[in-house]
$ cat coords_30.txt   # compact mmCIF, C-alpha atoms and all ligand atoms
# COMPACT_ATOMS: atom_id res chain seq x y z
CA MET A 1 17.24 -3.49 -25.96
CA LYS A 2 16.58 -5.85 -28.85
CA GLU A 3 14.77 -9.06 -27.99
CA GLU A 4 17.63 -11.28 -29.19
CA GLN A 5 20.15 -9.31 -27.16
CA LEU A 6 17.96 -9.55 -24.08
CA LYS A 7 17.56 -13.31 -24.45
CA LYS A 8 21.31 -13.74 -24.66
CA ALA A 9 21.90 -11.45 -21.69
CA TYR A 10 19.27 -13.43 -19.77
CA GLU A 11 21.07 -16.73 -20.44
CA ASP A 12 24.29 -15.20 -19.10
CA ALA A 13 22.50 -13.85 -16.05
CA LYS A 14 20.90 -17.21 -15.40
CA ALA A 15 24.31 -18.90 -15.49
CA GLN A 16 25.81 -16.31 -13.13
CA TYR A 17 23.03 -16.83 -10.62
CA ALA A 18 23.23 -20.60 -11.02
CA SER A 19 26.88 -20.47 -9.98
CA LEU A 20 25.66 -19.01 -6.68
CA GLY A 21 23.07 -21.74 -6.39
CA VAL A 22 20.17 -19.46 -7.31
CA ASP A 23 17.38 -20.63 -9.62
CA VAL A 24 16.37 -17.61 -11.70
CA GLU A 25 13.20 -19.18 -13.06
CA GLN A 26 11.96 -19.95 -9.60
CA ALA A 27 12.65 -16.36 -8.55
CA MET A 28 10.67 -15.01 -11.52
CA GLU A 29 7.80 -17.30 -10.68
CA LYS A 30 7.76 -16.08 -7.10
CA LEU A 31 7.76 -12.49 -8.32
CA ASP A 32 4.88 -13.28 -10.63
CA ASN A 33 2.91 -14.59 -7.66
CA LEU A 34 3.40 -11.38 -5.72
CA SER A 35 0.31 -9.20 -6.01
CA ILE A 36 0.93 -5.61 -5.08
CA SER A 37 -2.05 -3.70 -3.75
CA ILE A 38 -2.10 -0.52 -5.83
CA HIS A 39 -3.64 2.48 -4.04
CA CYS A 40 -6.33 4.17 -6.14
CA TRP A 41 -5.65 7.61 -4.65
CA GLN A 42 -2.46 8.57 -6.51
CA ALA A 43 -4.52 9.21 -9.65
CA ASP A 44 -6.71 11.97 -8.19
CA ASP A 45 -4.75 13.43 -5.25
CA VAL A 46 -6.85 11.59 -2.62
CA LEU A 47 -10.03 13.50 -3.44
CA GLY A 48 -12.49 10.74 -4.27
CA PHE A 49 -16.01 11.11 -5.65
CA GLU A 50 -18.16 11.75 -2.62
CA ASN A 51 -18.24 15.47 -2.93
CA PRO A 52 -17.05 17.05 -6.18
CA GLY A 53 -15.12 20.16 -5.27
CA GLY A 54 -14.39 18.89 -1.75
CA GLY A 55 -10.85 19.12 -0.42
CA LEU A 56 -8.37 16.89 1.37
CA SER A 57 -7.92 17.15 5.14
CA GLY A 58 -6.93 15.03 8.11
CA GLY A 59 -3.22 15.66 8.31
CA ILE A 60 -2.38 14.48 4.82
CA GLN A 61 -1.70 16.75 1.90
CA THR A 62 -0.76 16.56 -1.75
CA THR A 63 1.50 19.18 -3.25
CA GLY A 64 1.78 20.14 -6.90
CA ASN A 65 -0.74 20.71 -9.65
CA TYR A 66 0.55 18.74 -12.60
CA PRO A 67 -2.23 18.54 -15.20
CA GLY A 68 -4.21 15.35 -15.67
CA ARG A 69 -5.84 14.48 -12.34
CA ALA A 70 -8.57 11.87 -12.75
CA ARG A 71 -11.84 13.71 -12.08
CA THR A 72 -14.41 10.95 -12.55
CA ILE A 73 -14.71 7.25 -11.83
CA GLU A 74 -14.36 6.59 -15.52
CA GLU A 75 -11.12 8.57 -15.78
CA LEU A 76 -9.76 6.87 -12.69
CA ARG A 77 -10.58 3.43 -14.05
CA ASN A 78 -8.99 4.25 -17.40
CA ASP A 79 -5.85 5.44 -15.65
CA LEU A 80 -5.66 2.35 -13.48
CA GLU A 81 -6.14 0.10 -16.51
CA LYS A 82 -3.29 1.93 -18.19
CA VAL A 83 -1.11 1.47 -15.12
CA VAL A 84 -1.69 -2.28 -14.90
CA SER A 85 -0.94 -2.59 -18.61
CA LEU A 86 2.54 -1.17 -17.98
CA VAL A 87 3.57 -3.53 -15.19
CA PRO A 88 4.00 -7.29 -15.25
CA GLY A 89 2.06 -9.49 -12.83
CA THR A 90 -1.45 -9.66 -11.39
CA HIS A 91 -2.18 -6.97 -8.87
CA ARG A 92 -4.85 -5.60 -6.57
CA ILE A 93 -6.48 -2.20 -6.40
CA SER A 94 -7.01 -0.60 -3.04
CA LEU A 95 -10.09 1.65 -2.83
CA HIS A 96 -11.05 4.22 -0.23
CA ALA A 97 -14.66 4.62 0.90
CA ILE A 98 -14.87 8.06 -0.76
CA TYR A 99 -14.36 6.44 -4.17
CA GLY A 100 -17.82 4.87 -4.27
CA ASP A 101 -20.07 5.05 -7.29
CA PHE A 102 -22.70 7.33 -5.76
CA GLY A 103 -24.51 8.07 -9.00
CA GLY A 104 -24.37 11.84 -8.59
CA GLU A 105 -26.05 11.78 -5.18
CA PHE A 106 -24.52 12.76 -1.87
CA VAL A 107 -24.29 9.68 0.33
CA ASP A 108 -22.85 10.42 3.74
CA ARG A 109 -20.23 8.14 5.29
CA ASP A 110 -22.69 6.59 7.71
CA ARG A 111 -24.95 5.65 4.80
CA ILE A 112 -22.65 3.92 2.30
CA GLU A 113 -23.52 0.40 1.23
CA PRO A 114 -22.07 -2.44 -0.83
CA LYS A 115 -24.26 -1.34 -3.74
CA HIS A 116 -22.17 1.83 -4.08
CA PHE A 117 -19.18 -0.36 -4.84
CA GLN A 118 -20.80 -2.95 -7.07
CA SER A 119 -19.61 -1.25 -10.26
CA TRP A 120 -16.06 -1.37 -8.87
CA ILE A 121 -16.43 -5.07 -8.09
CA ASP A 122 -17.65 -5.69 -11.65
CA TRP A 123 -14.88 -3.55 -13.11
CA ALA A 124 -12.23 -5.38 -11.07
CA LYS A 125 -13.49 -8.71 -12.32
CA LYS A 126 -13.36 -7.48 -15.90
CA VAL A 127 -9.83 -6.10 -15.55
CA GLY A 128 -8.59 -9.15 -13.61
CA VAL A 129 -7.64 -7.46 -10.37
CA LYS A 130 -8.82 -8.05 -6.81
CA LEU A 131 -9.91 -5.28 -4.47
CA ASP A 132 -8.79 -4.06 -1.07
CA PHE A 133 -10.58 -1.39 0.91
CA ASN A 134 -10.03 1.52 3.30
CA SER A 135 -12.49 3.35 5.50
CA THR A 136 -12.24 7.13 5.08
CA PHE A 137 -12.12 9.09 8.33
CA PHE A 138 -10.70 12.29 6.80
CA SER A 139 -11.96 15.06 4.47
CA HIS A 140 -15.32 15.40 6.22
CA PRO A 141 -16.98 18.13 8.34
CA LYS A 142 -17.31 15.64 11.22
CA SER A 143 -13.54 15.13 11.35
CA GLU A 144 -12.53 18.78 11.09
CA SER A 145 -12.19 19.11 14.87
CA GLY A 146 -9.30 16.65 14.67
CA TYR A 147 -11.15 13.73 16.26
CA THR A 148 -13.44 11.00 14.89
CA MET A 149 -13.96 7.76 16.82
CA SER A 150 -12.09 9.18 19.82
CA HIS A 151 -14.08 12.43 19.93
CA PHE A 152 -15.51 13.48 23.29
CA ASP A 153 -18.91 13.93 21.64
CA PRO A 154 -20.78 10.60 21.60
CA GLU A 155 -22.76 11.58 18.50
CA ILE A 156 -19.61 12.15 16.47
CA ARG A 157 -18.16 8.89 17.74
CA GLU A 158 -21.34 7.07 16.76
CA PHE A 159 -21.31 8.59 13.26
CA TRP A 160 -17.79 7.27 12.63
CA LYS A 161 -18.48 3.91 14.24
CA GLU A 162 -21.36 3.51 11.81
CA HIS A 163 -18.98 4.39 8.98
CA LEU A 164 -16.58 1.69 10.12
CA ARG A 165 -19.36 -0.90 10.48
CA ARG A 166 -20.48 -0.20 6.93
CA CYS A 167 -16.96 -0.24 5.53
CA ARG A 168 -16.37 -3.66 7.04
CA ARG A 169 -19.53 -4.99 5.40
CA ILE A 170 -18.59 -3.44 2.05
CA ALA A 171 -15.09 -4.93 2.21
CA ALA A 172 -16.52 -8.31 3.19
CA GLU A 173 -18.84 -8.19 0.20
CA MET A 174 -15.88 -7.47 -2.05
CA GLY A 175 -14.05 -10.41 -0.51
CA ARG A 176 -17.06 -12.69 -0.95
CA GLN A 177 -17.58 -11.80 -4.60
CA GLN A 178 -13.91 -12.01 -5.55
CA GLY A 179 -13.40 -15.28 -3.67
CA ASP A 180 -10.40 -13.83 -1.83
CA PRO A 181 -10.29 -11.88 1.43
CA CYS A 182 -10.40 -8.12 1.08
CA VAL A 183 -7.78 -6.35 3.20
CA HIS A 184 -9.55 -3.52 4.97
CA ASN A 185 -7.26 -0.86 6.36
CA ILE A 186 -8.35 1.36 9.22
CA TRP A 187 -6.51 4.64 9.58
CA LEU A 188 -7.93 7.61 11.38
CA PRO A 189 -6.41 11.07 11.68
CA ASP A 190 -7.36 11.71 15.31
CA GLY A 191 -4.94 13.94 17.12
CA GLU A 192 -3.94 17.49 17.90
CA LYS A 193 -1.51 20.15 16.87
CA ASP A 194 -0.42 21.09 20.36
CA LYS A 195 0.20 19.79 23.86
CA THR A 196 -2.80 17.62 24.64
CA VAL A 197 -3.84 16.95 28.19
CA SER A 198 -6.43 14.20 27.69
CA ARG A 199 -4.27 11.64 25.93
CA PHE A 200 -5.44 8.65 27.92
CA ALA A 201 -9.09 9.66 27.64
CA HIS A 202 -9.05 9.81 23.85
CA ARG A 203 -7.19 6.52 23.56
CA GLN A 204 -9.65 4.87 25.88
CA LEU A 205 -12.51 6.16 23.72
CA LEU A 206 -10.86 4.82 20.58
CA LYS A 207 -10.36 1.42 22.18
CA GLU A 208 -14.00 1.27 23.25
CA ALA A 209 -15.21 2.32 19.80
CA LEU A 210 -13.10 -0.33 18.09
CA ASP A 211 -14.14 -3.02 20.57
CA ASP A 212 -17.75 -2.20 19.92
CA VAL A 213 -17.59 -2.17 16.10
CA LEU A 214 -15.30 -5.19 15.84
CA SER A 215 -17.56 -7.26 18.06
CA GLU A 216 -19.50 -7.92 14.83
CA LYS A 217 -17.67 -11.03 13.71
CA ILE A 218 -17.03 -11.45 9.99
CA SER A 219 -15.12 -14.40 8.58
CA THR A 220 -11.51 -13.76 7.57
CA ASP A 221 -12.37 -15.72 4.41
CA TYR A 222 -13.96 -12.45 3.30
CA LEU A 223 -12.49 -9.69 5.38
CA LYS A 224 -9.12 -8.96 6.95
CA ASP A 225 -9.18 -5.82 9.09
CA CYS A 226 -5.92 -4.09 9.85
CA MET A 227 -4.92 -0.94 11.67
CA GLU A 228 -2.41 1.69 10.75
CA CYS A 229 -0.54 3.85 13.21
CA LYS A 230 1.12 7.20 12.64
CA LEU A 231 3.61 9.34 14.49
CA PHE A 232 2.27 12.73 13.46
CA GLY A 233 0.45 14.53 10.66
CA ILE A 234 0.04 18.07 9.44
CA GLY A 235 -2.00 19.67 12.22
CA SER A 236 -1.50 16.69 14.55
CA GLU A 237 2.16 17.27 15.30
CA SER A 238 1.91 16.92 19.06
CA TYR A 239 -0.50 14.06 19.56
CA VAL A 240 -1.87 11.19 17.47
CA VAL A 241 -4.35 8.92 19.22
CA GLY A 242 -3.56 5.89 17.01
CA SER A 243 0.14 5.69 17.79
CA HIS A 244 2.34 2.64 17.18
CA GLU A 245 2.03 1.42 20.75
CA PHE A 246 -1.74 1.83 20.63
CA TYR A 247 -2.32 -0.29 17.55
CA MET A 248 0.43 -2.73 18.27
CA GLY A 249 -1.17 -3.33 21.65
CA TYR A 250 -4.62 -3.50 20.12
CA THR A 251 -3.78 -5.90 17.32
CA VAL A 252 -1.65 -8.19 19.48
CA LYS A 253 -4.36 -8.38 22.10
CA ASN A 254 -7.06 -9.12 19.52
CA ASN A 255 -5.03 -11.30 17.17
CA MET A 256 -5.53 -8.89 14.27
CA MET A 257 -3.45 -7.54 11.42
CA LEU A 258 -1.26 -4.48 11.81
CA THR A 259 -0.40 -2.07 9.02
CA LEU A 260 3.06 -0.55 8.86
CA ASP A 261 3.42 2.55 6.71
CA ALA A 262 7.06 3.25 5.88
CA GLY A 263 6.55 6.98 6.45
CA HIS A 264 4.88 6.85 9.85
CA PHE A 265 7.83 6.61 12.19
CA HIS A 266 10.72 8.76 13.38
CA PRO A 267 12.96 9.92 10.53
CA THR A 268 15.70 7.36 11.16
CA GLU A 269 13.36 4.58 12.25
CA VAL A 270 12.67 1.93 9.60
CA ILE A 271 9.88 -0.60 9.23
CA SER A 272 12.13 -3.27 7.70
CA ASP A 273 13.41 -4.28 11.12
CA LYS A 274 9.91 -4.43 12.59
CA ILE A 275 8.73 -7.28 10.37
CA SER A 276 10.61 -10.09 12.07
CA ALA A 277 9.61 -8.78 15.48
CA ILE A 278 5.92 -8.17 14.95
CA LEU A 279 5.26 -11.35 12.98
CA ASN A 280 5.88 -13.25 16.20
CA PHE A 281 2.77 -11.70 17.68
CA VAL A 282 0.20 -10.87 14.98
CA PRO A 283 -1.26 -13.23 12.37
CA GLU A 284 -0.42 -11.09 9.33
CA LEU A 285 1.01 -7.75 8.37
CA ASN A 286 -0.11 -5.17 5.85
CA LEU A 287 2.50 -2.80 4.44
CA HIS A 288 2.00 0.70 3.13
CA VAL A 289 5.13 1.01 1.07
CA SER A 290 5.90 4.67 0.83
CA ARG A 291 8.99 6.90 0.86
CA PRO A 292 9.55 9.34 3.67
CA GLU A 293 11.59 12.42 2.79
CA ARG A 294 12.32 14.13 6.11
CA TRP A 295 8.90 15.14 7.46
CA ASP A 296 6.82 14.01 4.51
CA SER A 297 5.68 10.43 4.48
CA ASP A 298 4.32 9.98 0.98
CA HIS A 299 6.89 10.41 -1.80
CA VAL A 300 6.87 8.09 -4.81
CA VAL A 301 8.51 4.75 -4.02
CA ILE A 302 11.93 4.31 -5.61
CA LEU A 303 14.65 1.72 -5.21
CA THR A 304 16.08 2.91 -1.90
CA ASP A 305 18.16 0.95 0.60
CA GLU A 306 15.11 0.75 2.86
CA LEU A 307 12.93 -0.68 0.09
CA MET A 308 15.63 -3.30 -0.43
CA ALA A 309 15.85 -4.04 3.28
CA LEU A 310 12.08 -4.34 3.50
CA SER A 311 11.97 -6.82 0.63
CA GLN A 312 14.84 -8.82 2.06
CA GLU A 313 13.15 -9.05 5.43
CA ILE A 314 9.89 -10.23 3.88
CA ILE A 315 11.70 -13.03 2.07
CA ARG A 316 14.41 -13.90 4.59
CA SER A 317 11.82 -14.26 7.35
CA GLY A 318 10.20 -17.03 5.36
CA GLN A 319 6.85 -15.41 6.17
CA ALA A 320 6.05 -13.77 2.82
CA ASP A 321 2.61 -15.38 2.74
CA ARG A 322 1.73 -13.43 5.90
CA VAL A 323 2.78 -10.05 4.53
CA HIS A 324 0.55 -8.00 2.24
CA VAL A 325 2.42 -5.48 0.13
CA GLY A 326 0.45 -2.33 -0.60
CA LEU A 327 1.51 1.08 -1.82
CA ASP A 328 0.64 4.43 -0.30
CA TYR A 329 1.98 7.64 -1.77
CA PHE A 330 0.61 10.64 -3.61
CA ASP A 331 2.51 13.08 -5.73
CA ALA A 332 0.61 15.74 -7.67
CA ALA A 333 3.77 17.41 -8.95
CA ILE A 334 4.64 14.94 -11.70
CA ASN A 335 2.77 12.78 -14.19
CA ARG A 336 0.57 10.75 -11.86
CA LEU A 337 0.64 7.57 -13.93
CA GLY A 338 4.39 7.80 -14.12
CA ALA A 339 4.42 7.99 -10.33
CA TYR A 340 2.40 4.77 -10.15
CA VAL A 341 4.48 2.84 -12.63
CA VAL A 342 7.83 3.81 -11.15
CA GLY A 343 6.64 2.87 -7.66
CA ILE A 344 5.25 -0.50 -8.71
CA ARG A 345 8.20 -1.46 -10.89
CA SER A 346 10.70 -0.41 -8.23
CA THR A 347 8.87 -2.47 -5.61
CA GLN A 348 9.01 -5.45 -7.95
CA LYS A 349 12.71 -4.89 -8.62
CA ALA A 350 13.46 -4.85 -4.90
CA MET A 351 11.41 -8.00 -4.34
CA LEU A 352 13.08 -9.72 -7.29
CA GLN A 353 16.53 -9.00 -5.86
CA ALA A 354 15.37 -10.52 -2.59
CA PHE A 355 14.09 -13.62 -4.42
CA LEU A 356 17.44 -13.89 -6.21
CA GLU A 357 19.44 -13.93 -3.00
CA PRO A 358 21.39 -17.08 -2.08
CA THR A 359 20.08 -16.74 1.46
CA GLU A 360 21.11 -20.22 2.62
CA LYS A 361 24.68 -19.60 1.55
CA LEU A 362 24.70 -16.36 3.53
CA ARG A 363 23.23 -18.11 6.57
CA GLU A 364 26.03 -20.69 6.38
CA PHE A 365 28.65 -17.92 6.62
CA GLU A 366 26.75 -16.53 9.57
CA LYS A 367 26.74 -19.86 11.38
CA GLN A 368 30.47 -20.24 10.82
CA ASP A 369 31.13 -16.72 12.03
CA LYS A 370 32.51 -15.78 8.61
CA ASN A 371 31.16 -12.28 8.65
CA PHE A 372 33.61 -10.82 6.17
CA GLN A 373 32.40 -13.37 3.62
CA ARG A 374 28.80 -12.52 4.39
CA MET A 375 29.46 -8.83 3.88
CA ALA A 376 31.44 -9.40 0.68
CA TYR A 377 28.68 -11.53 -0.86
CA LEU A 378 26.03 -9.00 0.09
CA GLU A 379 28.10 -6.37 -1.72
CA GLU A 380 28.64 -8.55 -4.79
CA LEU A 381 24.91 -9.28 -5.04
CA LYS A 382 24.13 -5.60 -5.53
CA SER A 383 25.75 -5.61 -8.95
CA MET A 384 24.50 -8.97 -10.15
CA PRO A 385 22.40 -8.77 -13.36
CA TRP A 386 19.00 -8.75 -11.62
CA ASN A 387 17.76 -6.02 -13.95
CA THR A 388 18.27 -8.33 -16.92
CA VAL A 389 16.08 -10.86 -15.16
CA TYR A 390 13.43 -8.18 -14.56
CA ASN A 391 13.51 -7.16 -18.22
CA TYR A 392 13.22 -10.77 -19.31
CA TYR A 393 10.22 -11.18 -16.99
CA CYS A 394 8.62 -8.14 -18.69
CA LEU A 395 9.34 -9.68 -22.08
CA GLN A 396 7.65 -12.91 -21.05
CA LYS A 397 4.62 -11.05 -19.75
CA LYS A 398 4.47 -8.77 -22.78
CA ARG A 399 5.02 -5.64 -20.78
CA PRO A 400 7.33 -2.71 -21.64
CA ILE A 401 10.99 -3.58 -21.25
CA GLY A 402 13.51 -1.27 -19.57
CA ASP A 403 12.71 2.39 -20.14
CA ALA A 404 10.05 1.75 -22.80
CA TYR A 405 7.18 2.58 -20.40
CA ILE A 406 8.37 6.18 -20.24
CA ASN A 407 7.28 6.77 -23.83
CA ASP A 408 4.00 4.94 -23.24
CA ILE A 409 3.22 7.28 -20.37
CA GLN A 410 4.15 10.32 -22.44
CA GLU A 411 1.88 9.10 -25.20
CA TYR A 412 -1.03 8.64 -22.75
CA GLU A 413 -0.35 12.10 -21.36
CA ASP A 414 -0.41 13.68 -24.83
CA ARG A 415 -3.53 11.82 -25.86
CA VAL A 416 -5.51 11.66 -22.59
CA THR A 417 -4.40 13.30 -19.35
CA SER A 418 -3.14 16.59 -20.84
CA LYS A 419 -6.62 17.14 -22.26
CA ARG A 420 -8.19 17.18 -18.81
CA VAL A 421 -8.56 20.85 -18.05
C1 LIG A 501 -2.18 8.56 6.20
C2 LIG A 501 -2.12 7.09 5.99
C3 LIG A 501 -3.21 6.52 5.15
C4 LIG A 501 -3.51 7.35 3.94
C5 LIG A 501 -4.45 6.70 2.97
C6 LIG A 501 -5.00 7.68 1.99
O1 LIG A 501 -1.11 9.06 6.85
O2 LIG A 501 -0.88 6.74 5.48
O3 LIG A 501 -2.90 5.23 4.82
O4 LIG A 501 -2.35 7.72 3.25
O5 LIG A 501 -5.41 6.02 3.65
ZN ZN A 502 -0.61 4.70 4.84
$ encode --input "coords_30.txt" --output "structure tokens" --more "lines below"
Ligand code: RNT
Ligand code: ZN
Amino acid sequence: MKEEQLKKAYEDAKAQYASLGVDVEQAMEKLDNLSISIHCWQADDVLGFENPGGGLSGGIQTTGNYPGRARTIEELRNDLEKVVSLVPGTHRISLHAIYGDFGGEFVDRDRIEPKHFQSWIDWAKKVGVKLDFNSTFFSHPKSESGYTMSHFDPEIREFWKEHLRRCRRIAAEMGRQQGDPCVHNIWLPDGEKDKTVSRFAHRQLLKEALDDVLSEKISTDYLKDCMECKLFGIGSESYVVGSHEFYMGYTVKNNMMLTLDAGHFHPTEVISDKISAILNFVPELNLHVSRPERWDSDHVVILTDELMALSQEIIRSGQADRVHVGLDYFDAAINRLGAYVVGIRSTQKAMLQAFLEPTEKLREFEKQDKNFQRMAYLEELKSMPWNTVYNYYCLQKKRPIGDAYINDIQEYEDRVTSKRV
């Protein structure tokens, strides 16, 4: 679309929204203030740099072998810089512990230190992004049995507890240097493929391990720990130690953050309706925005009804400042940068629509029991010119407008990622 045409369309859109009592400029400003935590692991199929040639395990799997996987820290950083150049706004990058800068040496998980992440901290500062962090309890010989911190063997438990202790200190150091708390997500794959007898015993061990490690108090000015549950994984179909009830109980009891991954519940169960419930009991929430397709939890995020519902709930609850929006998906079957950019832009489009909602007007209908009117307005809003507003926001931020990013990604593929063989 030509710039002049877009400006005219924007003025029309603004007037249409104004007639509903919605201030488009305010909505764009709110969108601009929304930092999305971009997961680093879509660029390299969750492999990391700990062990070149190592594989992925722990109940998660990537499928596909589209050319262009980032194989080094430098390639990953270049890809991420490209991604942030194709989306408007200021975002965060979420690192996993296996993405450290280990300088060609093998550093085991119970040995990692802040110094292995200093070059990331410096890079983030240069690029203008903040960092989040994740401990890595998968893809390691000491997790191959299926258990880590809830293992019956005290030595294995201790190894992973030490990993968690170190990850918390690394994340806190990131938070300290960036002057903004680092969200540290704790997800562990513990569980079993088949009917497990000792369910209580493993959960008790996990609780004890967490109690022990988290007794080291670190200021939430630097570090915000959160815990992510899961229903099942590949190879842990029958039993997952860190279930929803487990972490919900744990975080409520300890006044901690909970992570909700959109793909970690029963196929018809949605996280959008959990937000307004859980926020009554935990200080903050972390989201892993993902797209479940039947039994897979990690498809590229697109503008689905559930993404819309999730965004609406974040905004309608009035608690947006207590909800951290992060992405978590991995698709190795298509251009990996394309997967990033579609997911980020679609998340922004859903959030923008939520910001452009005349929520008070809808609440009025609700109070007056005018539920037909509420439904009719909700339907009308779907075809309002929100995409024009998004395009105008991209224009303002000097980012590709409409479908223009598709060519940019093709160009980067031709020039860079297709050469990685
Ligand atoms: C796995 C969890 C977890 C991972 C990342 C790589 O089921 O969703 O968040 O996807 O930590
Ligand atoms: Zn997740």
$ atom_distance --input "coords_30.txt" --atom1 "atom CA of Leu285 of chain A" --atom2 "atom CA of Tyr377 of chain A"
29.4 Å
$ residues_near_ligand --input "coords_30.txt" --ligand "ligand LIG 501 (chain A)" --cutoff "10 Å" --atoms "all atoms listed in the file" --output "number ranges by chain"
A: 39-42, 45-47, 56, 58-61, 94-97, 133-138, 185-189, 227-234, 259-264, 287-290, 296-298, 326-330
$ residues_around --input "coords_30.txt" --residues "Gln178 of chain A" --least-positions-apart "5" --cutoff "9 Å" --atoms "all atoms listed in the file" --output "ChimeraX atom specification"
/A:121,124-125,130-131,173,222
$ atom_distance --input "coords_30.txt" --atom1 "atom CA of Asp221 of chain A" --atom2 "atom CA of Gln177 of chain A"
11.1 Å
$ closest_residue --input "coords_30.txt" --among "A:Gln353, A:Asn335, A:Gln396, A:Ser139" --to "Lys382 of chain A" --atoms "only C-alpha atoms"
A:Gln353
$ closest_residue --input "coords_30.txt" --among "A:Leu210, A:Ala172, A:Val341, A:Leu258" --to "ligand ZN 502 (chain A)" --atoms "all atoms listed in the file"
A:Leu258
$ closest_residue --input "coords_30.txt" --among "A:Ser35, A:Asp414, A:Gln373, A:Pro114" --to "Gly89 of chain A" --atoms "only C-alpha atoms"
A:Ser35
$ residues_around --input "coords_30.txt" --residues "Phe355 of chain A" --least-positions-apart "3" --cutoff "7 Å" --atoms "all atoms listed in the file" --output "list in words"
Ala27, Ile315, Met351 and Leu352 of chain A
$ decode --input "coords_30.txt" --residues "segment 215-220 of chain A" --atoms "all heavy atoms" --output "short mmCIF file (atom, residue, chain, number, x, y, z; two decimals), in the first residue's frame"
data_model
loop_
_atom_site.label_atom_id
_atom_site.label_comp_id
_atom_site.auth_asym_id
_atom_site.auth_seq_id
_atom_site.Cartn_x
_atom_site.Cartn_y
_atom_site.Cartn_z
N SER A 215 14.95 -21.25 48.77
CA SER A 215 15.16 -20.61 50.07
C SER A 215 16.26 -19.55 49.97
O SER A 215 16.40 -18.71 50.85
CB SER A 215 15.51 -21.66 51.14
OG SER A 215 16.77 -22.23 50.84
N GLU A 216 17.04 -19.60 48.89
CA GLU A 216 18.00 -18.51 48.64
C GLU A 216 17.20 -17.32 48.10
O GLU A 216 16.71 -17.34 46.97
CB GLU A 216 19.06 -18.95 47.61
CG GLU A 216 20.04 -17.83 47.26
CD GLU A 216 21.11 -18.30 46.25
OE1 GLU A 216 21.36 -19.51 46.13
OE2 GLU A 216 21.65 -17.43 45.57
N LYS A 217 17.08 -16.30 48.91
CA LYS A 217 16.22 -15.18 48.53
C LYS A 217 16.97 -14.21 47.62
O LYS A 217 18.08 -13.78 47.93
CB LYS A 217 15.71 -14.44 49.78
CG LYS A 217 14.76 -15.26 50.61
CD LYS A 217 13.43 -15.53 49.89
CE LYS A 217 12.63 -16.64 50.57
NZ LYS A 217 11.92 -17.53 49.64
N ILE A 218 16.35 -13.87 46.50
CA ILE A 218 16.93 -12.91 45.56
C ILE A 218 15.84 -11.88 45.27
O ILE A 218 14.68 -12.24 45.05
CB ILE A 218 17.38 -13.60 44.26
CG1 ILE A 218 18.46 -14.67 44.57
CG2 ILE A 218 17.91 -12.58 43.25
CD1 ILE A 218 18.97 -15.44 43.38
N SER A 219 16.20 -10.63 45.28
CA SER A 219 15.21 -9.56 45.12
C SER A 219 14.47 -9.66 43.79
O SER A 219 15.08 -9.90 42.74
CB SER A 219 15.91 -8.20 45.20
OG SER A 219 15.05 -7.19 44.70
N THR A 220 13.16 -9.43 43.84
CA THR A 220 12.37 -9.44 42.59
C THR A 220 12.66 -8.19 41.74
O THR A 220 12.14 -8.04 40.65
CB THR A 220 10.86 -9.54 42.85
OG1 THR A 220 10.51 -8.54 43.81
CG2 THR A 220 10.47 -10.90 43.35
#
